[in-house]
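What follows is the content of query24.csv (CSV, C-alpha atoms and all ligand atoms).
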chain,number,residue,atom,x,y,z
A,13,VAL,CA,90.9,87.4,104.0
A,14,LEU,CA,90.2,88.5,100.5
A,15,ASP,CA,87.2,90.8,99.8
A,16,PHE,CA,85.1,90.3,96.7
A,17,PRO,CA,83.1,93.5,96.0
A,18,PHE,CA,81.6,91.9,92.8
A,19,PRO,CA,80.8,88.3,93.8
A,20,GLU,CA,78.8,87.6,90.6
A,21,PRO,CA,80.5,87.6,87.2
A,22,PRO,CA,78.6,89.5,84.4
A,23,PRO,CA,76.4,87.2,82.3
A,24,PRO,CA,77.8,86.2,78.9
A,25,GLY,CA,77.7,89.0,76.4
A,26,GLU,CA,77.2,91.8,79.0
A,27,TRP,CA,79.5,94.4,80.5
A,28,ARG,CA,79.4,95.1,84.2
A,29,ALA,CA,80.7,98.5,85.6
A,30,VAL,CA,83.4,97.9,88.3
A,31,ALA,CA,84.4,101.6,88.6
A,32,PRO,CA,83.4,104.8,86.8
A,33,GLY,CA,84.5,104.3,83.2
A,34,LEU,CA,85.7,100.8,83.7
A,35,LEU,CA,83.7,97.8,82.4
A,36,TRP,CA,84.3,94.0,83.0
A,37,ALA,CA,83.1,91.2,80.7
A,38,ARG,CA,83.7,87.4,80.6
A,39,LEU,CA,84.6,85.3,77.5
A,40,PRO,CA,84.5,81.5,77.5
A,41,LEU,CA,87.6,79.2,77.2
A,42,PRO,CA,87.4,75.5,76.1
A,43,PHE,CA,89.6,74.4,79.1
A,44,ARG,CA,89.0,73.4,82.7
A,45,LEU,CA,89.7,77.1,83.5
A,46,ASP,CA,86.6,78.0,81.5
A,47,HIS,CA,86.7,81.8,81.2
A,48,VAL,CA,88.9,84.8,80.8
A,49,ASN,CA,88.1,88.4,81.9
A,50,VAL,CA,88.4,91.3,79.6
A,51,TYR,CA,87.9,95.0,80.3
A,52,ALA,CA,86.9,98.3,78.6
A,53,LEU,CA,88.4,101.6,79.7
A,54,ALA,CA,86.6,104.8,79.0
A,55,ASP,CA,88.5,107.3,76.9
A,56,GLY,CA,86.2,110.4,76.4
A,57,ASP,CA,83.4,109.2,74.2
A,58,GLY,CA,85.3,106.1,73.2
A,59,TRP,CA,86.9,103.0,74.7
A,60,VAL,CA,90.1,101.2,75.0
A,61,LEU,CA,89.8,97.4,75.3
A,62,PHE,CA,92.0,95.3,77.6
A,63,ASP,CA,92.6,91.7,76.3
A,64,ALA,CA,91.0,89.9,73.5
A,65,GLY,CA,90.1,86.3,74.4
A,66,ILE,CA,90.9,83.1,72.5
A,67,ALA,CA,90.4,82.8,68.8
A,68,ASP,CA,87.3,80.6,68.5
A,69,ASP,CA,83.8,81.0,67.3
A,70,ALA,CA,82.2,81.2,70.7
A,71,THR,CA,84.4,84.2,71.6
A,72,ARG,CA,83.8,86.0,68.3
A,73,ALA,CA,80.1,85.6,68.8
A,74,LEU,CA,80.3,87.2,72.3
A,75,TRP,CA,82.3,90.1,70.9
A,76,ASP,CA,79.5,90.6,68.4
A,77,ARG,CA,77.2,91.2,71.4
A,78,LEU,CA,79.8,93.2,73.5
A,79,LEU,CA,81.0,95.7,70.9
A,80,PRO,CA,77.7,97.3,70.0
A,81,ALA,CA,77.2,98.2,73.7
A,82,LEU,CA,80.3,100.4,73.5
A,83,GLY,CA,81.0,103.7,71.7
A,84,PRO,CA,83.9,103.8,69.3
A,85,VAL,CA,86.9,101.8,70.2
A,86,ARG,CA,90.3,103.5,69.9
A,87,ALA,CA,92.8,100.8,70.8
A,88,LEU,CA,93.3,97.3,72.0
A,89,ILE,CA,95.7,96.6,74.9
A,90,VAL,CA,96.9,93.0,75.2
A,91,SER,CA,98.4,92.0,78.6
A,92,HIS,CA,100.5,89.0,77.5
A,93,ASN,CA,101.2,86.3,74.9
A,94,ASP,CA,98.9,83.5,76.1
A,95,PRO,CA,96.2,82.7,73.5
A,96,ASP,CA,93.4,83.2,76.0
A,97,HIS,CA,94.5,86.9,76.1
A,98,VAL,CA,96.1,87.7,72.8
A,99,GLY,CA,94.2,85.1,70.6
A,100,LEU,CA,91.7,87.4,69.0
A,101,ALA,CA,93.9,90.5,69.0
A,102,GLY,CA,94.5,90.5,65.2
A,103,TRP,CA,90.8,89.9,64.5
A,104,LEU,CA,89.7,92.7,66.8
A,105,CYS,CA,92.3,95.2,65.5
A,106,ASP,CA,91.3,94.4,61.9
A,107,ARG,CA,87.7,94.6,62.5
A,108,LEU,CA,87.7,97.8,64.5
A,109,ALA,CA,90.6,99.3,62.6
A,110,VAL,CA,92.4,100.1,65.9
A,111,PRO,CA,96.1,99.8,66.9
A,112,LEU,CA,97.5,97.1,69.2
A,113,TRP,CA,99.2,98.4,72.3
A,114,THR,CA,101.3,95.9,74.2
A,115,SER,CA,104.8,95.1,75.5
A,116,ARG,CA,107.6,94.3,73.1
A,117,ALA,CA,108.0,90.8,74.3
A,118,THR,CA,104.2,90.1,73.9
A,119,PHE,CA,104.2,91.4,70.4
A,120,LEU,CA,107.3,89.6,69.3
A,121,SER,CA,106.4,86.2,70.8
A,122,ALA,CA,102.8,86.3,69.5
A,123,THR,CA,104.2,87.2,66.1
A,124,ALA,CA,106.8,84.3,66.3
A,125,TYR,CA,104.2,81.7,67.2
A,126,VAL,CA,101.9,82.7,64.3
A,127,HIS,CA,104.5,83.1,61.7
A,128,ALA,CA,106.5,80.0,62.5
A,129,PRO,CA,104.1,77.1,62.7
A,130,GLY,CA,105.7,74.0,64.0
A,131,LEU,CA,108.3,76.0,66.0
A,132,LEU,CA,107.5,74.1,69.1
A,133,GLU,CA,107.9,70.7,67.4
A,134,ALA,CA,111.6,71.4,66.6
A,135,GLU,CA,113.8,68.4,67.5
A,136,GLU,CA,115.7,70.5,70.1
A,137,TYR,CA,112.5,70.9,72.1
A,138,THR,CA,111.6,67.2,72.1
A,139,ARG,CA,115.2,66.4,73.1
A,140,PHE,CA,114.9,69.0,75.9
A,141,TYR,CA,111.9,67.1,77.4
A,142,ALA,CA,113.6,63.8,77.0
A,143,SER,CA,116.8,65.1,78.8
A,144,HIS,CA,114.5,65.8,81.8
A,145,GLY,CA,113.4,62.2,81.9
A,146,MET,CA,110.2,62.4,79.9
A,147,GLY,CA,109.3,59.2,77.9
A,148,GLU,CA,109.5,59.6,74.1
A,149,GLU,CA,105.8,59.4,73.5
A,150,VAL,CA,104.9,62.0,76.2
A,151,ALA,CA,107.8,64.2,75.0
A,152,ALA,CA,106.4,64.1,71.5
A,153,LEU,CA,102.9,65.0,72.7
A,154,VAL,CA,104.1,67.8,74.9
A,155,SER,CA,106.3,69.4,72.3
A,156,THR,CA,103.5,69.4,69.7
A,157,ARG,CA,101.1,71.3,71.8
A,158,GLY,CA,102.2,74.3,69.8
A,159,HIS,CA,99.7,73.2,67.2
A,160,ARG,CA,96.8,73.7,69.6
A,161,TYR,CA,98.2,77.1,70.5
A,162,LEU,CA,98.3,78.2,66.9
A,163,ARG,CA,94.8,77.2,66.2
A,164,MET,CA,93.7,79.6,69.0
A,165,MET,CA,95.5,82.7,67.7
A,166,SER,CA,94.5,85.1,64.9
A,167,ARG,CA,97.4,86.7,63.0
A,168,PRO,CA,98.5,89.7,65.1
A,169,PRO,CA,98.7,93.1,63.5
A,170,ARG,CA,102.1,93.7,61.7
A,171,SER,CA,102.9,96.7,64.0
A,172,TYR,CA,102.1,97.8,67.4
A,173,ARG,CA,102.6,100.6,70.0
A,174,ARG,CA,105.0,99.6,72.7
A,175,LEU,CA,103.8,99.8,76.3
A,176,ALA,CA,106.9,100.0,78.6
A,177,PRO,CA,107.0,100.1,82.4
A,178,GLY,CA,106.6,103.6,83.9
A,179,MET,CA,104.6,105.0,80.9
A,180,VAL,CA,101.4,106.8,81.9
A,181,LEU,CA,98.3,106.4,79.7
A,182,ARG,CA,95.8,109.2,80.2
A,183,LEU,CA,92.4,107.7,79.3
A,184,GLY,CA,89.2,109.5,80.0
A,185,GLY,CA,90.8,111.7,82.7
A,186,ARG,CA,92.3,108.8,84.5
A,187,ASP,CA,96.0,108.2,84.6
A,188,TRP,CA,97.0,104.5,84.1
A,189,THR,CA,100.6,103.7,84.8
A,190,VAL,CA,102.0,100.7,82.9
A,191,LEU,CA,103.6,98.1,85.1
A,192,THR,CA,105.1,94.9,83.8
A,193,GLY,CA,105.5,91.5,85.5
A,194,GLU,CA,107.7,88.5,84.7
A,195,GLY,CA,107.5,84.7,85.5
A,196,HIS,CA,104.0,83.9,84.1
A,197,ALA,CA,104.7,85.6,80.7
A,198,PRO,CA,107.5,87.8,79.6
A,199,GLU,CA,106.8,91.6,80.1
A,200,GLN,CA,103.2,91.0,81.1
A,201,VAL,CA,101.4,94.3,81.0
A,202,MET,CA,99.4,95.5,84.0
A,203,LEU,CA,97.7,98.9,84.3
A,204,HIS,CA,97.7,100.7,87.6
A,205,ALA,CA,95.5,103.8,88.5
A,206,PRO,CA,97.0,104.7,91.9
A,207,ALA,CA,94.7,107.7,92.5
A,208,GLU,CA,91.6,105.4,92.4
A,209,GLY,CA,93.3,102.2,93.7
A,210,LEU,CA,92.7,100.1,90.6
A,211,LEU,CA,95.0,97.4,89.2
A,212,LEU,CA,94.4,95.6,86.0
A,213,ALA,CA,96.6,92.7,87.0
A,214,ALA,CA,96.2,90.3,84.0
A,215,ASP,CA,97.5,86.9,85.2
A,216,GLN,CA,100.3,88.2,87.4
A,217,ILE,CA,98.1,87.7,90.5
A,218,LEU,CA,94.8,85.9,90.6
A,219,GLU,CA,92.5,84.9,93.5
A,220,ARG,CA,92.5,81.2,94.3
A,221,ILE,CA,94.5,80.2,91.2
A,222,SER,CA,98.3,80.2,91.3
A,223,PRO,CA,99.3,81.6,87.9
A,224,ASN,CA,101.2,79.0,85.8
A,225,VAL,CA,104.9,79.6,86.1
A,226,SER,CA,106.7,77.3,83.6
A,227,ALA,CA,110.3,76.6,82.7
A,228,GLY,CA,110.3,75.6,79.1
A,229,ALA,CA,112.3,74.5,76.1
A,230,PHE,CA,112.7,78.1,74.7
A,231,GLU,CA,114.8,79.0,77.7
A,232,PRO,CA,116.1,75.8,79.2
A,233,GLU,CA,118.3,77.4,81.9
A,234,GLY,CA,115.6,79.9,82.9
A,235,ASP,CA,114.4,80.6,86.5
A,236,PRO,CA,110.9,81.8,85.9
A,237,LEU,CA,109.8,81.2,89.5
A,238,GLY,CA,112.6,83.5,90.6
A,239,ASP,CA,111.4,86.0,88.1
A,240,TYR,CA,107.8,85.6,89.3
A,241,LEU,CA,108.6,86.0,93.0
A,242,ALA,CA,110.7,89.0,92.4
A,243,SER,CA,107.8,90.5,90.3
A,244,LEU,CA,105.4,89.8,93.1
A,245,ASP,CA,107.6,91.7,95.6
A,246,ARG,CA,107.9,94.6,93.2
A,247,LEU,CA,104.2,94.7,92.6
A,248,GLU,CA,103.5,94.8,96.3
A,249,GLY,CA,105.8,97.8,96.5
A,250,GLN,CA,104.1,99.6,93.7
A,251,VAL,CA,100.4,99.0,94.4
A,252,ASP,CA,98.6,100.1,97.6
A,253,GLY,CA,97.4,97.0,99.5
A,254,ALA,CA,93.8,98.2,99.5
A,255,SER,CA,93.5,98.5,95.7
A,256,LEU,CA,90.9,96.6,93.7
A,257,VAL,CA,92.6,93.9,91.7
A,258,LEU,CA,90.9,93.2,88.4
A,259,ALA,CA,92.6,90.1,87.0
A,260,GLY,CA,92.5,87.9,83.9
A,261,HIS,CA,90.5,85.2,85.6
A,262,ARG,CA,88.1,84.7,88.4
A,263,LEU,CA,86.7,87.6,90.5
A,264,PRO,CA,87.8,91.1,91.3
A,265,PHE,CA,89.3,91.3,94.8
A,266,THR,CA,90.9,93.4,97.4
A,267,GLY,CA,93.7,92.0,99.6
A,268,LEU,CA,96.7,92.0,97.3
A,269,PRO,CA,99.3,91.6,100.2
A,270,GLU,CA,97.4,88.6,101.6
A,271,ARG,CA,97.1,87.0,98.2
A,272,ALA,CA,100.8,87.6,97.5
A,273,ALA,CA,101.7,86.1,100.9
A,274,ALA,CA,99.6,83.0,100.1
A,275,LEU,CA,101.3,82.6,96.7
A,276,ARG,CA,104.7,82.7,98.3
A,277,VAL,CA,103.7,80.1,100.9
A,278,HIS,CA,102.3,77.9,98.1
A,279,HIS,CA,105.5,78.0,96.1
A,280,ALA,CA,107.7,77.4,99.2
A,281,ALA,CA,105.6,74.4,100.1
A,282,ARG,CA,106.1,73.0,96.6
A,283,CYS,CA,109.8,73.5,96.8
A,284,ASP,CA,109.8,71.6,100.1
A,285,LEU,CA,108.0,68.7,98.5
A,286,ILE,CA,110.6,68.5,95.8
A,287,LEU,CA,113.5,68.7,98.3
A,288,SER,CA,111.9,65.8,100.3
A,289,ALA,CA,111.5,63.7,97.1
A,290,CYS,CA,115.2,64.2,96.2
A,291,ALA,CA,116.4,63.2,99.7
A,292,ASP,CA,116.5,59.5,98.7
A,293,GLY,CA,118.5,60.0,95.5
A,294,PRO,CA,118.7,62.1,92.3
A,295,ARG,CA,115.4,62.7,90.5
A,296,SER,CA,114.6,64.0,87.0
A,297,ALA,CA,112.0,66.7,86.5
A,298,ALA,CA,109.7,64.1,85.0
A,299,GLU,CA,110.1,61.9,88.1
A,300,LEU,CA,109.3,64.9,90.3
A,301,LEU,CA,106.1,65.9,88.3
A,302,PRO,CA,103.8,63.4,90.1
A,303,VAL,CA,105.2,64.7,93.5
A,304,LEU,CA,103.5,68.1,92.7
A,305,PHE,CA,100.7,66.7,90.5
A,306,PRO,CA,99.6,63.3,91.7
A,307,GLN,CA,96.4,63.4,89.6
A,308,ALA,CA,95.9,62.0,86.1
A,309,LEU,CA,96.8,64.6,83.5
A,310,ASP,CA,96.1,64.9,79.7
A,311,ALA,CA,98.9,66.0,77.3
A,312,HIS,CA,98.0,69.7,77.6
A,313,GLN,CA,98.0,69.5,81.4
A,314,THR,CA,101.2,67.5,81.4
A,315,ALA,CA,102.9,70.2,79.5
A,316,PHE,CA,101.9,72.8,82.1
A,317,ALA,CA,102.6,70.5,85.0
A,318,PHE,CA,106.1,69.6,83.7
A,319,GLY,CA,106.9,73.3,83.1
A,320,GLU,CA,105.7,74.2,86.6
A,321,THR,CA,107.7,71.3,88.2
A,322,LEU,CA,110.9,72.3,86.3
A,323,ALA,CA,110.4,75.9,87.4
A,324,HIS,CA,110.5,74.9,91.0
A,325,VAL,CA,113.5,72.7,90.4
A,326,ALA,CA,115.3,75.6,88.7
A,327,ARG,CA,114.5,77.9,91.6
A,328,LEU,CA,116.0,75.4,94.1
A,329,VAL,CA,119.1,75.1,92.0
A,330,ALA,CA,119.4,78.9,91.8
A,331,GLU,CA,119.1,79.0,95.6
A,332,GLY,CA,121.9,76.5,95.9
A,333,ARG,CA,119.7,73.9,97.5
A,334,LEU,CA,119.8,71.4,94.7
A,335,VAL,CA,122.5,70.7,92.1
A,336,TRP,CA,122.2,69.3,88.6
A,337,GLU,CA,123.9,66.1,87.6
A,338,GLU,CA,124.0,64.7,84.1
A,339,ARG,CA,124.5,61.1,83.1
A,340,ASP,CA,123.9,59.5,79.7
A,341,GLY,CA,122.1,62.7,78.5
A,342,LEU,CA,119.7,62.5,81.5
A,343,ARG,CA,119.5,65.5,83.8
A,344,ARG,CA,118.7,65.0,87.4
A,345,VAL,CA,118.9,67.0,90.6
A,346,ARG,CA,120.2,66.0,94.0
A,347,PRO,CA,120.5,67.9,97.3
A,348,ALA,CA,123.5,70.2,97.5
A,349,ALA,CA,126.3,68.8,99.7
A,350,SER,CA,125.7,71.5,102.3
A,351,GLU,CA,122.2,70.2,103.0
A,352,PRO,CA,122.5,66.5,104.1
A,353,PRO,CA,119.6,64.3,103.1
A,354,ALA,CA,118.6,63.4,106.6
A,355,LEU,CA,118.0,67.1,107.4
A,356,LEU,CA,115.9,67.5,104.3
A,357,ARG,CA,113.8,64.6,105.1
A,358,ARG,CA,113.0,66.0,108.5
A,359,ALA,CA,112.3,69.5,107.2
A,360,GLY,CA,110.0,68.1,104.4
A,361,ARG,CA,107.9,66.0,106.7
A,362,ALA,CA,107.6,68.4,109.6
B,1,ZN,ZN,95.2,83.7,81.3

What would the structure in this file look like if it were written as structure tokens?
Amino acid sequence: VLDFPFPEPPPPGEWRAVAPGLLWARLPLPFRLDHVNVYALADGDGWVLFDAGIADDATRALWDRLLPALGPVRALIVSHNDPDHVGLAGWLCDRLAVPLWTSRATFLSATAYVHAPGLLEAEEYTRFYASHGMGEEVAALVSTRGHRYLRMMSRPPRSYRRLAPGMVLRLGGRDWTVLTGEGHAPEQVMLHAPAEGLLLAADQILERISPNVSAGAFEPEGDPLGDYLASLDRLEGQVDGASLVLAGHRLPFTGLPERAAALRVHHAARCDLILSACADGPRSAAELLPVLFPQALDAHQTAFAFGETLAHVARLVAEGRLVWEERDGLRRVRPAASEPPALLRRAGRA
């Protein structure tokens, strides 16, 4: 049901116009998801960039080809704190002598990661994973993935201009309203041009891929899936359904309401799988992980899969459908008393 007006991505090192004064380019990523989309927004005779790519040589080499094709750059907007989007922000801002515009949460968290190496290896974080049933070895691997993250970030600028929801940026005669989303990343910045029906959506909504929604050690009692679903509802209320969605990955598309509906169904189905798996007895998040992710995973993927599993568990607890129980330092969930196991089993297998 989605429509793809630009079915071919631009070749490496080239911009493609997707609307007047709006260019799209692709940068590589050394992951299974092998690319990230960046954009350039016309501002008079200059440009404002949207997202930076990951800090590696392949991406720097592509910027060397992309930048000469533009006029002067006036600013860099960064959507959120993942290294595939913010990674080269410091490098680009230094090199182009331009300011960084982003949300406060993006700036602060990117700054924290870069200035506190080893943050994610703190003992509290390893203990957090162990408390959810993860074996010691895996917990150690997962909590040290911070190293990988740091290698893919350049030092962000020391100051920034804050983008807050509701602000309007007038760039090249077009009004872009700043929207923010939650659940995938804190205060993820999106730009919306309602008059032209354009949405720079970053990773809040993507075609085919479900944005990673992870509960993690920073915020052990968080409910990021609740945050994400509430954001999705809000976004649907703010953006006309026929708008062109230009996201951080994959192709531009129209069909935002259809995509939002599919994402809600996806998360509900995953919640149902977890409820069914808990019907026979209490389960830890680590025990539930293979219920959602039966395939073999490396340490990087395990970290994401664990966070995603815990996010669904936390949502079910917030909805009162599961309850936590803690024994000998191990946290597990069981069905809430009001939902007898037999009923869950039937619902889960229907
Ligand atoms: Zn991304």

**Message:** So that I can check the surroundings of Thr114 of chain A, please list as an MDAnalysis selection string every protein, DNA and RNA residue that reaches within 12 Å of it, counting only C-alpha atoms and ignoring chain neighbours fewer than 2 positions away.
**Reply:** chainID A and resid 61:64 87:93 97:98 101 111:112 116:122 168:169 171:177 179 190:192 198:203

TODO: Please identify every polymer residue within 10 Å of ligand ZN 1 (chain B), using only C-alpha atoms and all ligand atoms, and present the set as a list in words.
DONE: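 After applying the 10 Å limit, what remains is Leu41, Leu45, His47, Val48, Asn49, Asp63, Gly65, Ile66, Ser91, His92, Asn93, Asp94, Pro95, Asp96, His97, Val98, His196, Ala197, Ala214, Asp215, Gln216, Leu218, Pro223, Asn224, Ala259, Gly260 and His261 of chain A.
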
Nearest to Ser288 of chain A, chosen from A:Gly238, A:Leu108, A:Pro347, A:Pro269, with all atoms listed in the file counted in the distances:
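Closest candidate: A:Pro347.
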
Which of A:Arg139, A:Arg28, A:Arg107, A:His144 sits closest to Glu299 of chain A [using all atoms listed in the file]: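 Of the candidates, the smallest distance to Glu299 of chain A is held by A:His144.
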
ask   = If we count all atoms listed in the file, what is near Thr321 of chain A at a cut-off of 8 Å, once residues fewer than 4 positions away on the same chain are taken out, given as a PyMOL selection string?
value = chain A and resi 226+297+300-301+304+317+325

### Query
What is the distance between atom CA of Glu219 of chain A and atom CA of Leu263 of chain A, in Å to one decimal?
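If I compute the distance from atom CA of Glu219 of chain A to atom CA of Leu263 of chain A, I get 7.1 Å.
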
May I ask for the distance between atom CA of Glu208 of chain A and atom CA of Arg186 of chain A, given in Å to one decimal place?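 Spanning atom CA of Glu208 of chain A to atom CA of Arg186 of chain A is a straight-line distance of 8.6 Å.
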
Check your understanding: In Å, how far is it from atom CA of Tyr125 of chain A to atom CA of Ala311 of chain A?
Key ->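 Spanning atom CA of Tyr125 of chain A to atom CA of Ala311 of chain A is a straight-line distance of 19.4 Å.
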
Among the residues A:Ala142, A:Ala124, A:Pro264, A:Arg246, the one that comes closest to Ala29 of chain A [using all atoms listed in the file]: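 Among the listed residues, the smallest separation from Ala29 of chain A belongs to A:Pro264.
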
Ala254 of chain A environment, 12 Å, all atoms listed in the file, sequence neighbours closer than 6 positions dropped, as a PyMOL selection string | chain A and resi 14-15+206-211+248+265-271

With all atoms listed in the file as the atoms that count, which of A:Val277, A:Leu244, A:Thr156, A:Val110 lies nearest to Leu132 of chain A?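 Of A:Val277, A:Leu244, A:Thr156, A:Val110, the one nearest Leu132 of chain A is A:Thr156, counting all atoms listed in the file.
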
Would you mind completing segment 193-219 of chain A so that it carries N, CA and C atoms, and writing it out as a PDB file, keeping the file's coordinate frame?
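As written to disk, selection34.pdb reads:
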ATOM      1  N   GLY A 193     105.188  92.597  84.563  1.00  0.00           N
ATOM      2  CA  GLY A 193     105.500  91.500  85.500  1.00  0.00           C
ATOM      3  C   GLY A 193     106.226  90.404  84.668  1.00  0.00           C
ATOM      4  N   GLU A 194     106.960  89.571  85.369  1.00  0.00           N
ATOM      5  CA  GLU A 194     107.700  88.500  84.700  1.00  0.00           C
ATOM      6  C   GLU A 194     107.302  87.155  85.442  1.00  0.00           C
ATOM      7  N   GLY A 195     107.651  86.051  84.806  1.00  0.00           N
ATOM      8  CA  GLY A 195     107.500  84.700  85.500  1.00  0.00           C
ATOM      9  C   GLY A 195     106.320  83.951  84.898  1.00  0.00           C
ATOM     10  N   HIS A 196     105.159  84.582  84.736  1.00  0.00           N
ATOM     11  CA  HIS A 196     104.000  83.900  84.100  1.00  0.00           C
ATOM     12  C   HIS A 196     104.181  84.059  82.558  1.00  0.00           C
ATOM     13  N   ALA A 197     104.500  85.264  82.132  1.00  0.00           N
ATOM     14  CA  ALA A 197     104.700  85.600  80.700  1.00  0.00           C
ATOM     15  C   ALA A 197     105.751  86.695  80.674  1.00  0.00           C
ATOM     16  N   PRO A 198     106.536  86.777  79.603  1.00  0.00           N
ATOM     17  CA  PRO A 198     107.500  87.800  79.600  1.00  0.00           C
ATOM     18  C   PRO A 198     106.883  89.208  79.367  1.00  0.00           C
ATOM     19  N   GLU A 199     107.320  90.178  80.158  1.00  0.00           N
ATOM     20  CA  GLU A 199     106.800  91.600  80.100  1.00  0.00           C
ATOM     21  C   GLU A 199     105.292  91.595  80.046  1.00  0.00           C
ATOM     22  N   GLN A 200     104.687  90.924  81.000  1.00  0.00           N
ATOM     23  CA  GLN A 200     103.200  91.000  81.100  1.00  0.00           C
ATOM     24  C   GLN A 200     102.786  92.367  81.510  1.00  0.00           C
ATOM     25  N   VAL A 201     101.861  92.937  80.733  1.00  0.00           N
ATOM     26  CA  VAL A 201     101.400  94.300  81.000  1.00  0.00           C
ATOM     27  C   VAL A 201     100.312  94.349  82.021  1.00  0.00           C
ATOM     28  N   MET A 202     100.493  95.240  83.009  1.00  0.00           N
ATOM     29  CA  MET A 202      99.400  95.500  84.000  1.00  0.00           C
ATOM     30  C   MET A 202      99.194  97.047  83.916  1.00  0.00           C
ATOM     31  N   LEU A 203      97.995  97.487  84.269  1.00  0.00           N
ATOM     32  CA  LEU A 203      97.700  98.900  84.300  1.00  0.00           C
ATOM     33  C   LEU A 203      97.291  99.271  85.745  1.00  0.00           C
ATOM     34  N   HIS A 204      97.872 100.359  86.233  1.00  0.00           N
ATOM     35  CA  HIS A 204      97.700 100.700  87.600  1.00  0.00           C
ATOM     36  C   HIS A 204      97.166 102.191  87.674  1.00  0.00           C
ATOM     37  N   ALA A 205      96.006 102.408  88.286  1.00  0.00           N
ATOM     38  CA  ALA A 205      95.500 103.800  88.500  1.00  0.00           C
ATOM     39  C   ALA A 205      95.643 104.044  90.014  1.00  0.00           C
ATOM     40  N   PRO A 206      96.780 104.612  90.445  1.00  0.00           N
ATOM     41  CA  PRO A 206      97.000 104.700  91.900  1.00  0.00           C
ATOM     42  C   PRO A 206      96.014 105.672  92.573  1.00  0.00           C
ATOM     43  N   ALA A 207      95.563 106.700  91.859  1.00  0.00           N
ATOM     44  CA  ALA A 207      94.700 107.700  92.500  1.00  0.00           C
ATOM     45  C   ALA A 207      93.340 106.985  92.908  1.00  0.00           C
ATOM     46  N   GLU A 208      92.880 106.038  92.090  1.00  0.00           N
ATOM     47  CA  GLU A 208      91.600 105.400  92.400  1.00  0.00           C
ATOM     48  C   GLU A 208      91.823 103.978  93.012  1.00  0.00           C
ATOM     49  N   GLY A 209      93.061 103.548  93.160  1.00  0.00           N
ATOM     50  CA  GLY A 209      93.300 102.200  93.700  1.00  0.00           C
ATOM     51  C   GLY A 209      92.790 101.106  92.852  1.00  0.00           C
ATOM     52  N   LEU A 210      93.114 101.157  91.552  1.00  0.00           N
ATOM     53  CA  LEU A 210      92.700 100.100  90.600  1.00  0.00           C
ATOM     54  C   LEU A 210      93.914  99.474  89.991  1.00  0.00           C
ATOM     55  N   LEU A 211      93.886  98.158  89.889  1.00  0.00           N
ATOM     56  CA  LEU A 211      95.000  97.400  89.200  1.00  0.00           C
ATOM     57  C   LEU A 211      94.382  96.434  88.238  1.00  0.00           C
ATOM     58  N   LEU A 212      94.665  96.632  86.953  1.00  0.00           N
ATOM     59  CA  LEU A 212      94.400  95.600  86.000  1.00  0.00           C
ATOM     60  C   LEU A 212      95.570  94.673  85.970  1.00  0.00           C
ATOM     61  N   ALA A 213      95.424  93.516  86.598  1.00  0.00           N
ATOM     62  CA  ALA A 213      96.600  92.700  87.000  1.00  0.00           C
ATOM     63  C   ALA A 213      96.892  91.587  85.959  1.00  0.00           C
ATOM     64  N   ALA A 214      96.012  91.396  84.956  1.00  0.00           N
ATOM     65  CA  ALA A 214      96.200  90.300  84.000  1.00  0.00           C
ATOM     66  C   ALA A 214      96.373  88.980  84.816  1.00  0.00           C
ATOM     67  N   ASP A 215      97.342  88.145  84.445  1.00  0.00           N
ATOM     68  CA  ASP A 215      97.500  86.900  85.200  1.00  0.00           C
ATOM     69  C   ASP A 215      98.684  86.915  86.139  1.00  0.00           C
ATOM     70  N   GLN A 216      99.156  88.109  86.493  1.00  0.00           N
ATOM     71  CA  GLN A 216     100.300  88.200  87.400  1.00  0.00           C
ATOM     72  C   GLN A 216      99.861  87.763  88.826  1.00  0.00           C
ATOM     73  N   ILE A 217      98.640  88.126  89.202  1.00  0.00           N
ATOM     74  CA  ILE A 217      98.100  87.700  90.500  1.00  0.00           C
ATOM     75  C   ILE A 217      96.621  87.481  90.374  1.00  0.00           C
ATOM     76  N   LEU A 218      96.178  86.290  90.794  1.00  0.00           N
ATOM     77  CA  LEU A 218      94.800  85.900  90.600  1.00  0.00           C
ATOM     78  C   LEU A 218      94.293  85.404  91.996  1.00  0.00           C
ATOM     79  N   GLU A 219      92.986  85.536  92.238  1.00  0.00           N
ATOM     80  CA  GLU A 219      92.500  84.900  93.500  1.00  0.00           C
ATOM     81  C   GLU A 219      92.335  83.429  93.261  1.00  0.00           C
TER      82      GLU A 219
END
